[in-house]
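What's in final18.cif: mmCIF, C-alpha atoms and all ligand atoms
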data_input
#
loop_
_atom_site.label_atom_id
_atom_site.label_comp_id
_atom_site.auth_asym_id
_atom_site.auth_seq_id
_atom_site.Cartn_x
_atom_site.Cartn_y
_atom_site.Cartn_z
CA MET B 19 -12.90 -14.72 5.13
CA LYS B 20 -11.99 -13.81 8.71
CA THR B 21 -8.37 -12.67 8.82
CA LYS B 22 -6.38 -13.51 11.95
CA ILE B 23 -4.30 -10.53 13.05
CA PHE B 24 -1.07 -10.89 15.04
CA HIS B 25 1.00 -8.05 16.53
CA ILE B 26 4.57 -9.10 17.25
CA ASP B 27 4.86 -6.56 20.09
CA SER B 28 2.07 -8.17 22.09
CA ASP B 29 1.42 -11.73 20.83
CA PRO B 30 3.65 -14.67 21.89
CA ILE B 31 6.14 -15.14 19.04
CA ASP B 32 5.98 -18.96 19.09
CA ASP B 33 2.22 -18.85 18.62
CA VAL B 34 2.50 -16.31 15.77
CA ILE B 35 5.07 -18.39 13.90
CA GLN B 36 3.48 -21.79 14.54
CA THR B 37 -0.05 -20.74 13.50
CA SER B 38 1.21 -18.88 10.41
CA ALA B 39 3.52 -21.70 9.29
CA THR B 40 0.69 -24.25 9.57
CA ILE B 41 -1.53 -22.04 7.42
CA ILE B 42 1.21 -21.79 4.76
CA GLN B 43 1.60 -25.59 4.81
CA GLN B 44 -2.16 -25.97 4.31
CA GLY B 45 -2.09 -23.74 1.21
CA GLY B 46 -3.24 -20.50 2.87
CA LEU B 47 -2.00 -16.92 2.58
CA VAL B 48 0.00 -15.14 5.30
CA VAL B 49 1.06 -11.50 5.14
CA PHE B 50 4.36 -11.05 6.97
CA PRO B 51 6.87 -8.24 7.54
CA THR B 52 10.19 -8.18 5.72
CA GLU B 53 12.95 -5.57 5.80
CA THR B 54 12.01 -4.35 2.27
CA VAL B 55 8.18 -4.15 2.30
CA TYR B 56 5.40 -6.42 3.64
CA GLY B 57 4.96 -9.64 1.64
CA ILE B 58 1.87 -11.76 0.93
CA GLY B 59 3.17 -15.30 1.24
CA ALA B 60 2.15 -18.79 0.09
CA ASN B 61 3.80 -22.20 -0.38
CA ALA B 62 6.08 -21.65 -3.39
CA LEU B 63 5.86 -25.34 -4.33
CA ASP B 64 2.04 -25.36 -4.48
CA LYS B 65 0.71 -23.87 -7.72
CA ASP B 66 -2.83 -23.46 -6.39
CA ALA B 67 -1.70 -21.57 -3.29
CA ALA B 68 0.48 -19.34 -5.46
CA SER B 69 -2.36 -18.73 -7.94
CA HIS B 70 -4.48 -17.51 -5.03
CA ILE B 71 -1.94 -14.69 -4.47
CA TYR B 72 -2.47 -13.44 -8.04
CA GLN B 73 -6.22 -13.47 -7.52
CA VAL B 74 -6.13 -11.58 -4.20
CA LYS B 75 -3.69 -8.95 -5.47
CA GLY B 76 -5.24 -8.60 -8.92
CA ARG B 77 -1.72 -9.27 -10.24
CA PRO B 78 -1.22 -10.04 -13.96
CA SER B 79 -0.34 -13.72 -14.30
CA ASP B 80 2.84 -13.02 -16.31
CA ASN B 81 4.39 -11.06 -13.42
CA PRO B 82 6.46 -13.68 -11.55
CA LEU B 83 6.82 -14.02 -7.77
CA ILE B 84 10.02 -13.98 -5.71
CA VAL B 85 10.76 -17.17 -3.76
CA HIS B 86 11.93 -16.52 -0.18
CA ILE B 87 14.24 -18.95 1.58
CA ALA B 88 15.72 -19.07 5.10
CA GLU B 89 19.17 -20.58 4.39
CA LYS B 90 21.64 -19.97 1.56
CA GLU B 91 22.00 -23.73 1.01
CA ALA B 92 18.34 -23.98 -0.07
CA VAL B 93 19.10 -22.16 -3.35
CA SER B 94 20.47 -25.27 -5.01
CA LEU B 95 17.15 -27.08 -4.41
CA TYR B 96 15.40 -24.63 -6.74
CA ALA B 97 18.12 -23.15 -9.01
CA LYS B 98 19.85 -25.19 -11.74
CA GLU B 99 23.24 -23.48 -11.76
CA LEU B 100 25.04 -21.38 -9.19
CA SER B 101 27.68 -19.20 -10.86
CA CYS B 102 30.75 -17.92 -8.99
CA ASP B 103 29.26 -14.43 -9.18
CA ALA B 104 26.03 -15.65 -7.59
CA LYS B 105 27.92 -17.32 -4.74
CA LYS B 106 29.97 -14.19 -4.05
CA LEU B 107 26.82 -12.04 -3.97
CA MET B 108 24.94 -14.46 -1.72
CA ASN B 109 27.87 -14.41 0.72
CA ALA B 110 28.09 -10.62 0.63
CA PHE B 111 24.43 -9.59 0.72
CA TRP B 112 22.30 -12.47 2.05
CA PRO B 113 20.35 -12.26 4.20
CA GLY B 114 19.20 -8.92 2.77
CA PRO B 115 17.45 -6.93 0.05
CA LEU B 116 19.00 -8.60 -3.03
CA THR B 117 16.98 -10.97 -5.26
CA LEU B 118 18.91 -13.18 -7.68
CA VAL B 119 17.40 -14.63 -10.87
CA PHE B 120 18.58 -18.19 -11.68
CA LYS B 121 17.67 -20.90 -14.22
CA LYS B 122 14.93 -22.82 -12.43
CA LYS B 123 14.53 -26.46 -11.52
CA PRO B 124 11.21 -28.16 -12.42
CA ILE B 125 10.15 -28.31 -8.74
CA ILE B 126 9.24 -24.61 -9.01
CA PRO B 127 5.78 -24.41 -10.65
CA ASN B 128 5.51 -22.38 -13.87
CA GLN B 129 2.59 -20.48 -12.33
CA ILE B 130 4.88 -18.60 -9.98
CA THR B 131 7.48 -17.71 -12.63
CA GLY B 132 4.96 -16.41 -15.16
CA GLY B 133 5.97 -19.24 -17.48
CA LEU B 134 9.67 -18.21 -17.49
CA ASP B 135 12.44 -20.82 -17.22
CA THR B 136 14.05 -18.73 -14.48
CA VAL B 137 13.24 -18.22 -10.80
CA ALA B 138 13.89 -15.18 -8.58
CA ILE B 139 15.15 -16.07 -5.08
CA ARG B 140 15.85 -13.99 -1.98
CA MET B 141 16.85 -14.67 1.62
CA PRO B 142 15.26 -11.93 3.76
CA SER B 143 16.97 -10.63 6.89
CA HIS B 144 13.80 -9.91 8.90
CA HIS B 145 13.63 -12.35 11.82
CA ILE B 146 9.87 -12.97 11.46
CA ALA B 147 10.18 -13.77 7.75
CA ARG B 148 13.08 -16.16 8.40
CA GLN B 149 11.40 -17.92 11.34
CA LEU B 150 8.22 -18.35 9.33
CA ILE B 151 10.06 -19.98 6.40
CA GLN B 152 12.08 -22.19 8.77
CA GLN B 153 9.02 -23.33 10.68
CA ALA B 154 6.98 -23.99 7.50
CA LYS B 155 9.93 -25.97 6.08
CA ILE B 156 9.01 -24.85 2.58
CA PRO B 157 10.05 -21.87 0.44
CA ILE B 158 7.54 -19.02 0.47
CA CYS B 159 6.68 -17.02 -2.64
CA ALA B 160 5.74 -13.51 -1.66
CA PRO B 161 5.08 -10.38 -3.71
CA SER B 162 4.46 -7.04 -2.03
CA ALA B 163 1.34 -7.03 0.17
CA ASN B 164 -0.77 -4.51 -1.71
CA ILE B 165 -3.38 -4.49 -4.46
CA SER B 166 -1.49 -4.47 -7.79
CA GLY B 167 -0.66 -1.00 -9.06
CA THR B 168 -0.93 0.77 -5.68
CA PRO B 169 2.06 1.76 -3.51
CA SER B 170 3.62 -1.17 -1.64
CA SER B 171 2.80 -1.47 2.07
CA THR B 172 5.50 -0.73 4.62
CA VAL B 173 3.28 -0.48 7.72
CA PHE B 174 0.53 -2.73 9.14
CA LYS B 175 -2.29 -0.22 8.63
CA HIS B 176 -1.76 -0.13 4.86
CA VAL B 177 -1.62 -3.93 4.62
CA TYR B 178 -4.84 -4.11 6.64
CA ASP B 179 -6.59 -1.52 4.43
CA ASP B 180 -5.81 -3.55 1.27
CA LEU B 181 -6.00 -7.16 2.46
CA ASN B 182 -8.13 -7.60 5.60
CA GLY B 183 -10.76 -10.24 4.83
CA LYS B 184 -8.83 -11.52 1.80
CA VAL B 185 -5.98 -13.45 3.45
CA ASP B 186 -5.79 -15.93 6.35
CA VAL B 187 -3.28 -14.08 8.52
CA ILE B 188 -1.66 -10.65 8.77
CA ILE B 189 1.39 -10.28 11.03
CA ASP B 190 2.05 -6.71 12.20
CA GLY B 191 5.81 -6.25 12.59
CA GLY B 192 6.08 -2.44 12.61
CA GLN B 193 7.52 -0.30 9.80
CA SER B 194 9.78 -1.99 7.21
CA THR B 195 13.33 -0.70 7.71
CA VAL B 196 14.42 -0.49 4.05
CA GLY B 197 11.03 0.57 2.67
CA LEU B 198 11.72 -0.22 -1.01
CA GLU B 199 11.48 -3.62 -2.73
CA SER B 200 14.65 -5.65 -3.24
CA THR B 201 17.19 -5.12 -6.01
CA VAL B 202 16.50 -7.78 -8.71
CA LEU B 203 19.68 -9.04 -10.39
CA ASP B 204 19.79 -11.58 -13.24
CA VAL B 205 22.81 -13.85 -12.71
CA THR B 206 22.04 -16.29 -15.53
CA GLN B 207 24.61 -14.66 -17.84
CA SER B 208 28.34 -13.93 -17.56
CA LYS B 209 27.58 -10.24 -17.03
CA PRO B 210 24.91 -9.83 -14.32
CA VAL B 211 22.07 -7.42 -15.11
CA ILE B 212 20.08 -5.24 -12.70
CA LEU B 213 16.37 -5.62 -13.57
CA ARG B 214 15.04 -3.53 -10.68
CA PRO B 215 17.09 -1.09 -8.58
CA GLY B 216 16.94 -1.39 -4.79
CA ALA B 217 18.96 -0.83 -1.63
CA ILE B 218 21.81 -3.05 -2.88
CA THR B 219 23.21 -0.66 -5.46
CA LYS B 220 25.13 -1.19 -8.73
CA SER B 221 28.36 0.02 -7.18
CA MET B 222 27.95 -2.27 -4.13
CA ILE B 223 27.54 -5.25 -6.48
CA GLU B 224 30.46 -4.19 -8.69
CA THR B 225 32.72 -3.84 -5.65
CA ILE B 226 32.01 -7.44 -4.64
CA LEU B 227 32.35 -8.87 -8.17
CA ASN B 228 35.27 -6.62 -9.08
CA LYS B 229 33.79 -6.06 -12.55
CA ALA B 230 31.24 -3.89 -14.32
CA ILE B 231 27.62 -5.10 -14.47
CA LEU B 232 24.68 -3.97 -16.61
CA ASP B 233 21.67 -1.95 -15.49
CA GLU B 234 18.58 -2.55 -17.61
CA SER B 235 16.13 -1.19 -15.06
CA THR B 236 15.73 2.12 -16.89
CA VAL B 237 15.69 1.05 -20.55
CA ILE B 238 12.10 -0.16 -20.45
CA THR B 239 9.67 1.37 -22.94
CA ASP B 240 6.29 0.26 -24.22
CA GLN B 241 8.04 -1.29 -27.20
CA THR B 242 10.41 -3.58 -25.31
CA ILE B 243 9.58 -6.67 -23.31
CA PRO B 244 11.31 -6.16 -19.97
CA LYS B 245 13.26 -9.07 -18.53
CA ALA B 246 11.59 -8.45 -15.18
CA PRO B 247 8.01 -8.71 -16.44
CA GLY B 248 6.65 -6.76 -13.49
CA MET B 249 8.52 -3.63 -14.51
CA LYS B 250 6.18 -2.95 -17.44
CA TYR B 251 3.07 -2.49 -15.31
CA ARG B 252 1.80 0.73 -13.71
CA HIS B 253 3.20 0.72 -10.21
CA TYR B 254 3.20 2.55 -6.92
CA ALA B 255 0.42 4.92 -8.01
CA PRO B 256 -1.58 6.72 -5.34
CA LYS B 257 -5.11 7.89 -6.23
CA GLY B 258 -4.06 11.54 -6.54
CA ASN B 259 -2.22 12.99 -9.53
CA VAL B 260 1.54 12.97 -8.87
CA THR B 261 4.07 15.45 -10.31
CA LEU B 262 7.79 15.35 -9.60
CA LEU B 263 9.45 18.74 -9.15
CA GLU B 264 13.04 19.01 -10.30
CA GLY B 265 15.00 22.18 -9.52
CA THR B 266 16.47 24.30 -6.74
CA HIS B 267 14.54 24.63 -3.48
CA LYS B 268 14.12 28.33 -4.27
CA ASN B 269 12.40 27.57 -7.59
CA ILE B 270 10.27 24.77 -6.13
CA ILE B 271 9.06 27.05 -3.31
CA LYS B 272 8.25 29.80 -5.82
CA TYR B 273 6.23 27.34 -7.95
CA LEU B 274 4.36 25.84 -4.98
CA ASP B 275 3.48 29.39 -3.84
CA THR B 276 1.18 29.58 -6.88
CA GLN B 277 -0.76 26.46 -5.77
CA ASP B 278 -3.63 26.44 -3.27
CA ASN B 279 -3.54 24.90 0.19
CA THR B 280 -5.25 21.63 -0.81
CA ILE B 281 -2.15 20.20 -2.51
CA GLY B 282 0.07 17.62 -0.86
CA VAL B 283 3.87 17.90 -0.85
CA ILE B 284 6.30 15.02 -0.22
CA ALA B 285 9.85 16.31 0.15
CA SER B 286 13.05 16.46 2.19
CA ASN B 287 12.86 17.91 5.71
CA GLU B 288 14.82 20.92 4.48
CA LEU B 289 12.22 21.77 1.82
CA CYS B 290 9.15 20.96 3.94
CA GLN B 291 10.37 23.30 6.68
CA LYS B 292 10.19 26.21 4.25
CA LEU B 293 6.67 25.46 2.95
CA PRO B 294 3.44 26.99 4.33
CA HIS B 295 1.18 24.20 3.00
CA SER B 296 -0.93 22.11 5.42
CA HIS B 297 -0.34 18.73 3.81
CA THR B 298 3.42 18.19 3.77
CA PHE B 299 5.17 14.86 4.40
CA PRO B 300 8.85 15.30 5.36
CA LEU B 301 10.72 12.16 4.25
CA GLY B 302 13.98 12.86 6.10
CA PRO B 303 17.07 15.05 5.74
CA LEU B 304 18.61 15.31 2.25
CA ASP B 305 21.80 13.58 3.42
CA ASP B 306 19.92 10.53 4.75
CA LYS B 307 18.74 8.68 1.64
CA SER B 308 18.01 5.52 3.65
CA LEU B 309 15.41 7.38 5.70
CA ILE B 310 13.95 8.98 2.58
CA ALA B 311 13.65 5.52 0.96
CA LYS B 312 12.07 4.07 4.10
CA ASN B 313 9.30 6.70 4.13
CA ILE B 314 8.35 6.94 0.44
CA PHE B 315 5.50 4.40 0.30
CA LEU B 316 4.24 5.54 3.69
CA ALA B 317 4.10 9.11 2.35
CA LEU B 318 2.28 8.13 -0.88
CA ARG B 319 -0.34 6.20 1.05
CA THR B 320 -0.74 8.96 3.64
CA MET B 321 -1.65 11.35 0.81
CA ASP B 322 -4.36 8.90 -0.29
CA GLU B 323 -5.72 8.68 3.25
CA LYS B 324 -6.12 12.47 3.21
CA ASN B 325 -7.78 12.31 -0.24
CA ILE B 326 -5.22 14.70 -1.71
CA ALA B 327 -5.96 15.19 -5.44
CA SER B 328 -2.66 16.87 -6.44
CA ILE B 329 0.58 15.54 -5.00
CA TYR B 330 3.95 17.21 -5.65
CA ILE B 331 7.14 15.34 -4.85
CA GLU B 332 10.70 16.67 -4.71
CA ALA B 333 12.96 14.88 -7.22
CA PHE B 334 16.20 13.59 -5.70
CA ASP B 335 19.59 12.92 -7.26
CA ASP B 336 19.75 9.42 -8.74
CA GLN B 337 23.13 8.36 -7.40
CA ASP B 338 23.41 5.09 -5.45
CA LEU B 339 20.23 4.57 -3.37
CA GLY B 340 18.82 7.61 -5.19
CA LYS B 341 18.48 5.40 -8.27
CA ALA B 342 15.92 3.13 -6.54
CA ILE B 343 14.18 6.12 -4.94
CA MET B 344 13.78 7.88 -8.30
CA ASN B 345 12.72 4.63 -10.03
CA ARG B 346 9.74 4.34 -7.63
CA LEU B 347 8.92 8.07 -7.71
CA LEU B 348 8.98 8.29 -11.52
CA LYS B 349 6.57 5.36 -11.73
CA ALA B 350 4.31 6.82 -9.04
CA ALA B 351 4.23 10.03 -11.13
CA ASN B 352 3.71 8.13 -14.38
CA TYR B 353 6.90 9.95 -15.53
CA GLN B 354 5.35 13.41 -15.06
CA VAL B 355 8.29 15.71 -14.20
CA LYS B 356 8.24 19.51 -14.02
CA GLN B 357 11.60 21.22 -14.50
CA LEU B 358 11.86 24.38 -12.43
P1 LIG B 401 7.23 -7.87 -6.25
O1 LIG B 401 7.04 -9.27 -5.85
O2 LIG B 401 5.95 -7.11 -6.36
O3 LIG B 401 8.29 -7.20 -5.45
O4 LIG B 401 7.83 -7.95 -7.74
C1 LIG B 401 8.84 -8.89 -8.06
C2 LIG B 401 9.68 -8.37 -9.19
O5 LIG B 401 10.65 -9.36 -9.53
C3 LIG B 401 8.86 -8.08 -10.45
O6 LIG B 401 9.35 -6.93 -11.09
C4 LIG B 401 9.12 -9.35 -11.25
O7 LIG B 401 8.92 -9.13 -12.64
C5 LIG B 401 10.56 -9.67 -10.90
N1 LIG B 401 10.84 -11.11 -11.11
C6 LIG B 401 10.37 -12.14 -10.40
N2 LIG B 401 10.77 -13.33 -10.92
C7 LIG B 401 11.51 -13.04 -12.00
C8 LIG B 401 12.22 -13.82 -12.97
N3 LIG B 401 12.21 -15.15 -12.95
N4 LIG B 401 12.89 -13.17 -13.95
C9 LIG B 401 12.90 -11.82 -13.98
N5 LIG B 401 12.25 -11.03 -13.10
C10 LIG B 401 11.57 -11.61 -12.12
MG MG B 402 4.98 -5.24 -5.93
#

Here is the file; what I need is its structure written in the form of structure tokens.
Ligand code: AMP
Ligand code: MG
Amino acid sequence: MKTKIFHIDSDPIDDVIQTSATIIQQGGLVVFPTETVYGIGANALDKDAASHIYQVKGRPSDNPLIVHIAEKEAVSLYAKELSCDAKKLMNAFWPGPLTLVFKKKPIIPNQITGGLDTVAIRMPSHHIARQLIQQAKIPICAPSANISGTPSSTVFKHVYDDLNGKVDVIIDGGQSTVGLESTVLDVTQSKPVILRPGAITKSMIETILNKAILDESTVITDQTIPKAPGMKYRHYAPKGNVTLLEGTHKNIIKYLDTQDNTIGVIASNELCQKLPHSHTFPLGPLDDKSLIAKNIFLALRTMDEKNIASIYIEAFDDQDLGKAIMNRLLKAANYQVKQL
């Protein structure tokens, strides 16, 4: 398949949106930028188009897709019940990186929900994503635009490496600003439950709802069936072996001193500045977790591009946004952590 490539910096925006929306309406696949990560989109009401996404990504069929909408009002077309909590959260955080899980209406095909009776819905804030959904006049289901298991794509080059020739269109919209996938929150029960941590944190949600919520994103083991089916699969893994390093900068530097110069190190600016190794990727200053989050997938994929076999990553505190950062890093490392 010949993939049509658009760059939003140089191509006329009307042409980009019109061509891409027509392809979605015809059952094709369009990769588009969102504020979280790039998404590979199809008509969410067309089971065959959605099935094609699973095939292209190599995604297990029981891992459901998030449905993207352009207006809050569209939720009631696809969700059975809208609780007061859900309405408050939509008003506070939409458009933005929060996905809500509702009881689904039959119009949503079972193929995109992995057979569940619920549907995950999000209203993205990225202007290209929103214009595309508006122009197509249909909801767009879109998982992250990468081959299943590998780090999500946050820049055009990484989308292109994975999906050129496999999708109809790729829209280059620059680097994703958030850089981590959305928070997934189940609002089907009286006490909402976080299924995947993201940039909308537990405390931000609790402030809006004025009550405590549950976080089940970390209680997943091989023995339990996670409520967000996708959370049980190997995720975010680069080709190299990843180890998280937990400890003071002094101890981490001492440990890395014993390693040769072929290793890769992903860490805060403060730590990278003190390291002599050739392959370091500074994520950002320690006090700027948003920048660290934004650069994580870019860093993991950059290590792959350099064919780095051993990758060491600084562990961060898991408060607030740190929770989502550490969730992705622990998975990338297959839970390999060295205490120093
Ligand atoms: P991705 O599209 O790759 O960002 O992954 C979407 C995430 O949302 C996966 O972890 C899914 O398991 C989760 N998800 C999607 N739909 C549902 C649903 N109906 N119920 C629970 N989790 C869901
Ligand atoms: Mg994904």

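Nearest to B:Asp204 of all the residues B:Val187, B:Ile314, B:Leu263, B:Leu107 is B:Leu107, counting all atoms listed in the file.
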
Test item: residues lying within 8 Å of ligand MG 402 (chain B) with only C-alpha atoms and all ligand atoms, as a ChimeraX atom specification: /B:161-164,166-167,169-170,199,248,253

Using all atoms listed in the file, which protein or nucleic acid residues come within 12 Å of B:Asn109? Drop anything in the same chain fewer than 5 positions from it, and give the result as number ranges by chain. B: 89-91, 102-104, 114, 116, 141, 223, 226-227

Next, dump the selected residues to file, keeping only C-alpha atoms, as an mmCIF file, keeping the file's coordinate frame.
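Result file follows (again15.cif):
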data_model
loop_
_atom_site.group_PDB
_atom_site.id
_atom_site.type_symbol
_atom_site.label_atom_id
_atom_site.label_comp_id
_atom_site.auth_asym_id
_atom_site.auth_seq_id
_atom_site.Cartn_x
_atom_site.Cartn_y
_atom_site.Cartn_z
ATOM 1 C CA GLU B 89 19.170 -20.580 4.390
ATOM 2 C CA LYS B 90 21.640 -19.970 1.560
ATOM 3 C CA GLU B 91 22.000 -23.730 1.010
ATOM 4 C CA CYS B 102 30.750 -17.920 -8.990
ATOM 5 C CA ASP B 103 29.260 -14.430 -9.180
ATOM 6 C CA ALA B 104 26.030 -15.650 -7.590
ATOM 7 C CA GLY B 114 19.200 -8.920 2.770
ATOM 8 C CA LEU B 116 19.000 -8.600 -3.030
ATOM 9 C CA MET B 141 16.850 -14.670 1.620
ATOM 10 C CA ILE B 223 27.540 -5.250 -6.480
ATOM 11 C CA ILE B 226 32.010 -7.440 -4.640
ATOM 12 C CA LEU B 227 32.350 -8.870 -8.170
#

Throw together the list of residues within 9 Å of ligand LIG 401 (chain B), counting only C-alpha atoms and all ligand atoms, and drop it here as a PyMOL selection string. chain B and resi 55+57-58+77+80-85+117-122+130-139+159-164+166+170+198-204+213-214+244-251

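Atom CA of B:Ile188 sits 8.9 Å away from atom CA of B:Ser38.
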
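In this comparison, which uses all atoms listed in the file, the residue of B:Gly191, B:Pro215, B:Gly76, B:Pro300 approaching B:Asn345 most closely is B:Pro215.
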
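Nearest residue to B:Asn325 among B:Pro294, B:Gly265, B:Gly302, B:Gly282 is B:Gly282, counting only C-alpha atoms.
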
Length of the atom CA of B:Lys175 to atom CA of B:Leu304 vector [Å]: 26.8 Å

Taking 6 positions as the minimum chain separation for residues in the same chain, which residues sit within 10 Å of B:Pro113 when counting only C-alpha atoms? Answer as a PyMOL selection string. chain B and resi 87-90+140-144+148

Keeping C-alpha atoms for every residue in the selection just given, could you write it to a file as a tab-separated table (two decimals), in the frame of the given file?
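Contents of selection_1.tsv, freshly written:
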chain	number	residue	atom	x	y	z
B	87	ILE	CA	14.24	-18.95	1.58
B	88	ALA	CA	15.72	-19.07	5.10
B	89	GLU	CA	19.17	-20.58	4.39
B	90	LYS	CA	21.64	-19.97	1.56
B	140	ARG	CA	15.85	-13.99	-1.98
B	141	MET	CA	16.85	-14.67	1.62
B	142	PRO	CA	15.26	-11.93	3.76
B	143	SER	CA	16.97	-10.63	6.89
B	144	HIS	CA	13.80	-9.91	8.90
B	148	ARG	CA	13.08	-16.16	8.40

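Residues in contact range of B:Glu323, defined as at most 10 Å between all atoms listed in the file, with sequence neighbours fewer than 6 positions away removed, read His176, Pro256, Lys257 and Ala317 of chain B.
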
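Between atom CA of B:Leu293 and atom CA of B:Leu274 the separation is 8.3 Å.
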
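In terms of minimum interatomic distance to B:Leu47, B:Gly183 ranks closest within B:Pro210, B:Pro78, B:Gly183, B:Gly216, counting all atoms listed in the file.
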
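The shortest atom-to-atom distance to B:Ala39, with only C-alpha atoms taken into account, belongs to B:Ala154 out of B:Leu181, B:Ala154, B:Ile71, B:Ile271.
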
Using the file's own x, y and z axes, what box holds all listed atoms of stretch 312-318 of chain B with 8 Å on each side, keeping edges along x, y and z, and what are its centre and edge lengths in Å to one decimal, as lines of an AutoDock Vina configuration file?
center_x = 7.2
center_y = 6.6
center_z = 1.6
size_x = 25.8
size_y = 21.0
size_z = 21.0

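Counting all atoms listed in the file and comparing B:Leu100, B:Val74, B:Val173, B:Ile146, the residue that lies closest to B:Gly197 is B:Val173.
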
Taking (9.1, 24.0, -14.1) as a centre in this file's frame and 8 Å as the limit, can you find every polymer residue with an atom that close, using all atoms listed in the file, and give them as JSON, numbers by chain? {"B": [263, 264, 265, 273, 356, 357, 358]}

For those residues, write C-alpha atoms to a file as an mmCIF file, in the coordinates of the input.
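See again_7.cif below for the written result:
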data_model
loop_
_atom_site.group_PDB
_atom_site.id
_atom_site.type_symbol
_atom_site.label_atom_id
_atom_site.label_comp_id
_atom_site.auth_asym_id
_atom_site.auth_seq_id
_atom_site.Cartn_x
_atom_site.Cartn_y
_atom_site.Cartn_z
ATOM 1 C CA LEU B 263 9.450 18.740 -9.150
ATOM 2 C CA GLU B 264 13.040 19.010 -10.300
ATOM 3 C CA GLY B 265 15.000 22.180 -9.520
ATOM 4 C CA TYR B 273 6.230 27.340 -7.950
ATOM 5 C CA LYS B 356 8.240 19.510 -14.020
ATOM 6 C CA GLN B 357 11.600 21.220 -14.500
ATOM 7 C CA LEU B 358 11.860 24.380 -12.430
#
